[in-house]
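Novice: Sharing a structure, written as structure tokens. Questions coming.
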Amino acid sequence: MTTGTLITQITDYANRADPYPLYAELRKQPVRRQDDGTYVVSTYYEVRSVANDPRLSNDTRNRPPGYARAADADDTGLPPSFIFTDPPVHDRLRETITRPFGPPHSPRFLDGLRGELAQVVTELLDAFEGKDQVDIVEDFAYPLPVTAICKVLGVPREDEPNFHGWADALASSLDPQVGEEGKEKGQRARQDLGAYLSDLIETKRRHPGPGILSALAPDMTPADLEATAVLLLVAGHETTVNAITNTTLTLLRHPDILDRFLKDPDLAVPLIEEVLRYEPPVQFVPWTTALADIDVAGTTIPKGSPVWLMLAAANRDPQRFEDPDRFDPDRKDNEHLGMYTGIHYCFGAPLARIELHLAVPELFRRVKFSRLLEDPPPYRANAVLRGPRHLPVAIEGLTA
């Protein structure tokens, strides 16, 4: 099977529910060249090495003409988000954004949100009362991260209906198979969301309030802050929705481990890390480019070549993880790539983990699940940000 055929199948919605056999086939050759000149890296040590190589660029403006670029790189009137930049610009922007977000500059900021987010979890679960079925995505996994990122940024929660569609369009534009129409929708969404946030940022400059937008306003140019706000608003909830939903689905598919978890809430930490390995919310990174020739596992990736880093394939590499297709929260040395690696390691990982550790134990403590109503459930169209679009479940009751 050729690389082109494998990648076509991996990105084909028909295989969204279970791409892992295709990833196993892909790993038989750690680095593969597609017919269009893109190089696909799929094994753990090679993905980790290339992702940490300074010769690999996240700035899609470095790609040759004709190759897919991020919506950030096109004419939206905004500079690229910091995840689509390279050092030194990346380092300057990320360091600035980190100051109000968490350690070492603001060590209590995220921790201070725990009480408010725990209350959100309680309110969402209280709404399950009297129901015999719920959609975990719409009723729980989506509203919690959206509320969290709104609190972090200082965005009014009541404005969520305005930016929901923009966020969906932007997230969808990351999919390499989205097509020209999807790319154009992503560009328009970035412009529209940017305009909304520009007005909000200007208000924050005049009247500072809670959230990091007010804290960042004096330290960033309006354009850089607007681009950063767009990124954080979208990335700050899309991946966490997938993580919560994937964890719920995985536990319901493994009743023996769920039973252990119900008896031992301390299992939450290794269990959640194992889900991030086993069903990562970001499956692959398709927007990097080689700035120089890079030798990997006996293959030279030529300068200027687009590179895909297959995180989900690497997370199930038997050369790194014993029995990798088994869901095992007792797994030792679980240094997965579910939150990426290197200088582009997930900026929101601390917030995502807080949300997961508040949401998942409480969900299973309070809700008595009966069964999955669809397995596999319907998945999002996006091959990059893979997760169920809906997760309908039957429930038998709710505890206080």
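Labeling convention for the structure tokens: chains A, B, ... as they appear, residues from 1 per chain, ligands from 1 in order of appearance.
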With a distance cut-off of 9 Å and only C-alpha atoms, select the neighbouring residues of A:His344, excluding the residue or stretch itself and same-chain residues fewer than 6 positions from it, and output the selection as a list in words.
Specialist: Ala51, Asn52, Asn58, Ile83 and His90 of chain A
Novice: Taking only C-alpha atoms into account, name the residue in A:Asp295, A:Asp168, A:Glu274, A:Glu116 that is nearest to A:Glu238.
Specialist: A:Asp168
Novice: Taking only C-alpha atoms into account, produce a table as JSON lines in which each residue of stretch 40-116 of chain A with an atom at most 8 Å from an atom of stretch 23-33 of chain A appears once, together with its shortest atom pair and the distance in Å to one decimal, ordered by chain and rising number.
Specialist:
{"residue": "A:Val40", "atom": "CA", "partner": "A:Arg32", "partner_atom": "CA", "distance": 5.1}
{"residue": "A:Val41", "atom": "CA", "partner": "A:Val31", "partner_atom": "CA", "distance": 4.6}
{"residue": "A:Ser42", "atom": "CA", "partner": "A:Pro30", "partner_atom": "CA", "distance": 5.4}
{"residue": "A:Thr43", "atom": "CA", "partner": "A:Pro30", "partner_atom": "CA", "distance": 5.3}
{"residue": "A:Glu46", "atom": "CA", "partner": "A:Pro30", "partner_atom": "CA", "distance": 7.1}
Novice: Using backbone DSSP assignments, extract all helix (DSSP H, G or I) residues from stretch 81-237 of chain A; output them as a ChimeraX atom specification.
Specialist: /A:82-84,89-101,111-126,136-141,143-153,157-172,179-206,212-216,222-237
Novice: Between atom CA of A:Cys346 and atom CA of A:Glu273, what is the spacing in Å?
Specialist: 14.2 Å
Novice: With distances taken over only C-alpha atoms, which of A:Ser305, A:Pro281, A:Arg386, A:Val296 is nearest to A:Gly66?
Specialist: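 Nearest to A:Gly66: A:Ser305.
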Novice: Using only C-alpha atoms, which protein or nucleic acid residues come within 7 Å of stretch 255-263 of chain A? Drop anything in the same chain fewer than 4 positions from it, and give the result as a PyMOL selection string.
Specialist: chain A and resi 251+267+365
Novice: Can you pull out every residue within 10 Å of A:Pro378, counting only C-alpha atoms, but drop anything in the same chain fewer than 6 positions away, and send it as a list in words?
Specialist: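 The residues that qualify are Arg16, Ala17, Gly387, Pro388, Arg389, His390, Leu391 and Pro392 of chain A.
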Novice: Let me see the file: selected residues, all heavy atoms, as a CSV table (one decimal), in the first residue's frame.
Specialist:
chain,number,residue,atom,x,y,z
A,16,ARG,N,-12.8,7.4,10.2
A,16,ARG,CA,-12.6,8.3,11.3
A,16,ARG,C,-12.8,7.5,12.6
A,16,ARG,O,-12.1,7.8,13.6
A,16,ARG,CB,-13.6,9.5,11.2
A,16,ARG,CG,-13.2,10.6,12.2
A,16,ARG,CD,-12.0,11.4,11.8
A,16,ARG,NE,-12.3,12.2,10.6
A,16,ARG,CZ,-11.8,12.0,9.4
A,16,ARG,NH1,-11.0,11.0,9.1
A,16,ARG,NH2,-12.2,12.8,8.4
A,17,ALA,N,-13.7,6.6,12.7
A,17,ALA,CA,-14.0,5.9,13.9
A,17,ALA,C,-12.8,5.1,14.4
A,17,ALA,O,-12.6,4.9,15.6
A,17,ALA,CB,-15.2,5.1,13.8
A,387,GLY,N,-12.5,13.6,17.2
A,387,GLY,CA,-13.4,13.3,18.3
A,387,GLY,C,-14.8,13.1,17.9
A,387,GLY,O,-15.2,13.6,16.8
A,388,PRO,N,-15.6,12.5,18.7
A,388,PRO,CA,-17.1,12.4,18.4
A,388,PRO,C,-17.7,13.7,18.3
A,388,PRO,O,-17.5,14.6,19.1
A,388,PRO,CB,-17.6,11.6,19.6
A,388,PRO,CG,-16.5,10.8,20.1
A,388,PRO,CD,-15.3,11.7,19.9
A,389,ARG,N,-18.6,13.9,17.3
A,389,ARG,CA,-19.4,15.1,17.1
A,389,ARG,C,-20.6,15.0,18.1
A,389,ARG,O,-21.0,16.1,18.7
A,389,ARG,CB,-20.0,15.2,15.7
A,389,ARG,CG,-20.9,16.4,15.5
A,389,ARG,CD,-20.2,17.7,15.7
A,389,ARG,NE,-21.1,18.8,15.6
A,389,ARG,CZ,-21.7,19.3,16.7
A,389,ARG,NH1,-21.6,18.8,17.9
A,389,ARG,NH2,-22.5,20.4,16.6
A,390,HIS,N,-21.1,13.8,18.4
A,390,HIS,CA,-22.1,13.6,19.4
A,390,HIS,C,-21.7,12.3,20.1
A,390,HIS,O,-21.1,11.4,19.5
A,390,HIS,CB,-23.5,13.5,18.8
A,390,HIS,CG,-24.0,14.7,18.1
A,390,HIS,ND1,-24.4,15.8,18.8
A,390,HIS,CD2,-24.1,15.0,16.8
A,390,HIS,CE1,-24.8,16.8,18.0
A,390,HIS,NE2,-24.6,16.3,16.7
A,391,LEU,N,-22.1,12.2,21.4
A,391,LEU,CA,-21.9,11.0,22.1
A,391,LEU,C,-23.2,10.7,22.9
A,391,LEU,O,-23.3,11.0,24.1
A,391,LEU,CB,-20.7,11.0,23.0
A,391,LEU,CG,-20.3,9.7,23.8
A,391,LEU,CD1,-20.0,8.6,22.7
A,391,LEU,CD2,-19.2,9.9,24.7
A,392,PRO,N,-24.2,10.2,22.3
A,392,PRO,CA,-25.5,9.9,23.0
A,392,PRO,C,-25.4,8.7,23.9
A,392,PRO,O,-24.9,7.6,23.4
A,392,PRO,CB,-26.5,9.7,21.8
A,392,PRO,CG,-25.6,9.2,20.7
A,392,PRO,CD,-24.3,9.8,20.8
